[in-house]
Amino acid sequence: MAEQDMEPERGNEELWYHVFAVGAGDLLDQRGFHSRLPSPPRCRLCKVPFQGLGGLILRFRGKSRAKRNPNYCSACDQFLAANPGGAEVPMAILYADIRKSTEFVQAHAPAEVLRRTNAFLELATRAITENDGFVLAFYGDCVLANWPPGFSGSDYREKAVKTAEELSGASQKAGIPVGVGLHAGTAYMCSVQANQGSFRDVSVFGEAVNIAARLSSAAAAGEVLGSAEMAEIAETKGPEQSFDLKGFNDPVAAWRIGRT
């Protein structure tokens, strides 16, 4: 595989910015309609249902799971294929990671490790999607998600905070130690491709993503660490603290959100 195949794509900046930062009116109207049809799971972009009566009806209208990426419907997959590229977009970013995974793996059978990981990913996916976020990637037992205002609305930061609090609480009830990092800033949201374009997905790049990931690593089990951009809109938070995050020259201020 050529190294450049995994680089973020560039081009169509105006279109990507309009869709993800501002909001495409026609697509947003479709999302509202599609969201009222049963049943989940749904397309990440336009909320087309893949199951239930709604999924059956829309399959007859040519909106089924995309062959290259089942997280999207065929119509949205065609959009990505026809308009590869990206743009710098304001967004909220969440990164969540199971704590002490290495120790757990050493003490448990692989089937139990898989069961716990799947349980966490299910909790995370439910919390993120129910609060209008995008599940961008699973990295083993880690989850990356974002809330671009063009899709998630002007209250995108509030929705990310609510997600983090719900995920942290649900994970604790399930006995799964999870640390969550939250940040809001500008990141490059774009399509990425591999295998000469036969695989294409959406991802985010930039310092804002790294901050969320490092805050997640610094969070203890059951904690949500948010940057100043997220803490300022959180209803409940602890005192300001300073964290030396890996890869950053200067300490980063963060607050424990949802638990004081």
# chains A, B, ... in the order shown; residues from 1 in each chain; ligands from 1
>>> residues_around(residues="A:Phe138", least_positions_apart="6", cutoff="12 Å", atoms="only C-alpha atoms", output="MDAnalysis selection string")
chainID A and resid 95:98 117:118 120:122 124:125 144:145 203
>>> select_by_dssp(residues="stretch 193-243 of chain A", states="strand (DSSP E or B)", output="PDB file with N, CA and C atoms, in the first residue's frame")
ATOM      1  N   GLN A 193      -8.411   7.727   2.020  1.00  0.00           N
ATOM      2  CA  GLN A 193      -8.575   6.590   1.130  1.00  0.00           C
ATOM      3  C   GLN A 193      -7.387   5.654   1.230  1.00  0.00           C
ATOM      4  N   ALA A 194      -7.622   4.426   0.824  1.00  0.00           N
ATOM      5  CA  ALA A 194      -6.569   3.418   0.766  1.00  0.00           C
ATOM      6  C   ALA A 194      -6.884   2.475  -0.385  1.00  0.00           C
ATOM      7  N   PHE A 199     -11.213   1.921  -0.813  1.00  0.00           N
ATOM      8  CA  PHE A 199     -11.738   2.174   0.526  1.00  0.00           C
ATOM      9  C   PHE A 199     -11.663   3.666   0.781  1.00  0.00           C
ATOM     10  N   ARG A 200     -12.763   4.241   1.246  1.00  0.00           N
ATOM     11  CA  ARG A 200     -12.787   5.659   1.592  1.00  0.00           C
ATOM     12  C   ARG A 200     -13.631   5.848   2.833  1.00  0.00           C
ATOM     13  N   ASP A 201     -13.150   6.698   3.734  1.00  0.00           N
ATOM     14  CA  ASP A 201     -13.872   6.965   4.968  1.00  0.00           C
ATOM     15  C   ASP A 201     -13.689   8.435   5.316  1.00  0.00           C
ATOM     16  N   VAL A 202     -14.294   8.869   6.414  1.00  0.00           N
ATOM     17  CA  VAL A 202     -14.166  10.241   6.895  1.00  0.00           C
ATOM     18  C   VAL A 202     -13.383  10.229   8.194  1.00  0.00           C
ATOM     19  N   SER A 203     -12.440  11.164   8.348  1.00  0.00           N
ATOM     20  CA  SER A 203     -11.671  11.249   9.575  1.00  0.00           C
ATOM     21  C   SER A 203     -11.366  12.711   9.878  1.00  0.00           C
ATOM     22  N   VAL A 204     -10.673  12.951  10.987  1.00  0.00           N
ATOM     23  CA  VAL A 204     -10.289  14.300  11.387  1.00  0.00           C
ATOM     24  C   VAL A 204      -8.817  14.302  11.764  1.00  0.00           C
ATOM     25  N   PHE A 205      -8.151  15.436  11.498  1.00  0.00           N
ATOM     26  CA  PHE A 205      -6.729  15.570  11.753  1.00  0.00           C
ATOM     27  C   PHE A 205      -6.447  16.938  12.366  1.00  0.00           C
ATOM     28  N   VAL A 224     -14.025  12.424  33.172  1.00  0.00           N
ATOM     29  CA  VAL A 224     -14.099  13.166  31.922  1.00  0.00           C
ATOM     30  C   VAL A 224     -13.243  14.405  32.090  1.00  0.00           C
ATOM     31  N   LEU A 225     -12.197  14.537  31.295  1.00  0.00           N
ATOM     32  CA  LEU A 225     -11.353  15.730  31.319  1.00  0.00           C
ATOM     33  C   LEU A 225     -11.678  16.589  30.109  1.00  0.00           C
ATOM     34  N   GLY A 226     -12.035  17.838  30.352  1.00  0.00           N
ATOM     35  CA  GLY A 226     -12.370  18.745  29.267  1.00  0.00           C
ATOM     36  C   GLY A 226     -11.452  19.945  29.241  1.00  0.00           C
ATOM     37  N   LYS A 237     -18.360  21.017  37.076  1.00  0.00           N
ATOM     38  CA  LYS A 237     -16.944  20.742  36.821  1.00  0.00           C
ATOM     39  C   LYS A 237     -16.141  21.024  38.077  1.00  0.00           C
ATOM     40  N   GLN A 241      -7.076  22.429  36.511  1.00  0.00           N
ATOM     41  CA  GLN A 241      -5.833  21.715  36.765  1.00  0.00           C
ATOM     42  C   GLN A 241      -4.932  21.815  35.539  1.00  0.00           C
ATOM     43  N   SER A 242      -3.659  21.580  35.740  1.00  0.00           N
ATOM     44  CA  SER A 242      -2.681  21.651  34.664  1.00  0.00           C
ATOM     45  C   SER A 242      -2.127  20.257  34.413  1.00  0.00           C
ATOM     46  N   PHE A 243      -2.073  19.863  33.139  1.00  0.00           N
ATOM     47  CA  PHE A 243      -1.615  18.524  32.774  1.00  0.00           C
ATOM     48  C   PHE A 243      -0.473  18.616  31.770  1.00  0.00           C
TER      49      PHE A 243
END
>>> residues_around(residues="stretch 132-136 of chain A", least_positions_apart="4", cutoff="10 Å", atoms="only C-alpha atoms", output="number ranges by chain")
A: 44-45, 47, 71, 92-94, 124-128, 143-149, 151-153, 156, 159-160, 163, 201-204
>>> write_last_selection(atoms="C-alpha atoms", output="short mmCIF file (atom, residue, chain, number, x, y, z; two decimals), in the first residue's frame")
data_model
loop_
_atom_site.label_atom_id
_atom_site.label_comp_id
_atom_site.auth_asym_id
_atom_site.auth_seq_id
_atom_site.Cartn_x
_atom_site.Cartn_y
_atom_site.Cartn_z
CA ARG A 44 -23.66 8.44 9.68
CA LEU A 45 -24.43 11.32 7.35
CA LYS A 47 -29.60 9.12 9.11
CA ASN A 71 -21.64 2.93 8.17
CA ALA A 92 -16.21 19.21 19.42
CA ILE A 93 -14.07 16.08 19.73
CA LEU A 94 -14.39 13.15 22.14
CA ALA A 124 -20.13 4.56 23.32
CA THR A 125 -21.88 4.23 19.97
CA ARG A 126 -25.31 4.58 21.54
CA ALA A 127 -24.37 7.69 23.54
CA ILE A 128 -22.63 9.36 20.61
CA VAL A 143 -13.39 5.49 20.38
CA LEU A 144 -13.00 8.75 18.44
CA ALA A 145 -16.08 10.90 17.77
CA ASN A 146 -16.86 14.44 16.72
CA TRP A 147 -19.69 16.95 16.54
CA PRO A 148 -19.45 19.32 13.53
CA PRO A 149 -21.98 22.16 13.87
CA PHE A 151 -24.72 18.39 11.37
CA SER A 152 -24.90 18.51 15.14
CA GLY A 153 -26.31 22.02 15.51
CA TYR A 156 -22.63 20.88 19.39
CA LYS A 159 -24.13 17.61 23.05
CA ALA A 160 -20.53 16.40 23.31
CA THR A 163 -22.38 12.34 25.63
CA ASP A 201 -13.87 6.97 4.97
CA VAL A 202 -14.17 10.24 6.90
CA SER A 203 -11.67 11.25 9.58
CA VAL A 204 -10.29 14.30 11.39
#
>>> residues_around(residues="A:Ala220", least_positions_apart="4", cutoff="8 Å", atoms="only C-alpha atoms", output="PyMOL selection string")
chain A and resi 99+178-179
>>> closest_residue(among="A:Gly258, A:Gly11, A:Gly55, A:Gly185", to="A:Gly86", atoms="only C-alpha atoms")
A:Gly11
>>> residues_around(residues="A:Cys76", least_positions_apart="4", cutoff="9 Å", atoms="only C-alpha atoms", output="MDAnalysis selection string")
chainID A and resid 43:46 63 66 72 80:81
>>> select_by_dssp(residues="stretch 67-217 of chain A", states="alpha helix (DSSP H)", output="PyMOL selection string")
chain A and resi 74-82+101-107+110-130+149-152+156-173+207-217
>>> closest_residue(among="A:Gly206, A:Gly62, A:Pro70, A:Gly85", to="A:Glu14", atoms="only C-alpha atoms")
A:Gly85
>>> atom_distance(atom1="atom CA of A:Asp244", atom2="atom CA of A:Ala219")
12.1 Å
>>> closest_residue(among="A:Ala208, A:Leu37, A:Ala187, A:Met230", to="A:Arg256", atoms="only C-alpha atoms")
A:Met230
>>> closest_residue(among="A:Gly175, A:Gly150, A:Gly181, A:Gly169", to="A:Arg116", atoms="only C-alpha atoms")
A:Gly175
>>> closest_residue(among="A:Ser64, A:Gln172, A:Arg31, A:Tyr17", to="A:Gln78", atoms="only C-alpha atoms")
A:Ser64
>>> closest_residue(among="A:Val22, A:Cys142, A:Val105, A:Leu167", to="A:Gly222", atoms="only C-alpha atoms")
A:Leu167
